[in-house]
Amino acid sequence: MLVLTRKKNESIMINEDIEITVLAVDGDQIKLGIKAPRDVEIYRKEIYMQIQEENSEAAQIPGDLLGLLQKESRK
């Protein structure tokens, strides 16, 4: 993990097209601004993990369900 120290209104760059700026610091919270191309998806980690879990669950198709669908299509 790369650890950087930044002050208010200072930024870091990721590649050539993603800029993260510290907008405010209030106690133990910071407010970040992110400039990135529209095709770059940006999520809070807890939301990203929830999406990954839901996608994984949706991808698991029970074998008996496939069999039932095949039987229905033969009718």
# chains A, B, ... in the order shown; residues from 1 in each chain; ligands from 1
call {"tool": "residues_around", "arguments": {"residues": "Pro37 (chain A)", "least_positions_apart": "3", "cutoff": "8 Å", "atoms": "only C-alpha atoms", "output": "compact mmCIF listing (two decimals) with N, CA, C and O atoms, in the first residue's frame"}}
result
# COMPACT_ATOMS: atom_id res chain seq x y z
N ASP A 17 -5.33 10.37 -15.97
CA ASP A 17 -6.67 10.92 -16.06
C ASP A 17 -7.51 10.84 -14.79
O ASP A 17 -8.70 11.13 -14.82
N ILE A 18 -6.93 10.46 -13.66
CA ILE A 18 -7.69 10.41 -12.41
C ILE A 18 -6.96 11.28 -11.38
O ILE A 18 -5.79 11.05 -11.09
N VAL A 40 -15.13 5.46 -15.88
CA VAL A 40 -14.49 4.88 -14.70
C VAL A 40 -15.52 4.82 -13.57
O VAL A 40 -16.07 5.84 -13.17
call {"tool": "residues_around", "arguments": {"residues": "Tyr43 (chain A)", "least_positions_apart": "6", "cutoff": "12 Å", "atoms": "only C-alpha atoms", "output": "NGL selection string"}}
result
:A and (34 or 49-52)
call {"tool": "select_by_dssp", "arguments": {"residues": "chain A", "states": "strand (DSSP E or B)", "output": "NGL selection string"}}
result
:A and (11-14 or 18-26 or 29-35)
call {"tool": "atom_distance", "arguments": {"atom1": "CA of Leu32 (chain A)", "atom2": "CA of Ile20 (chain A)"}}
result
6.6 Å
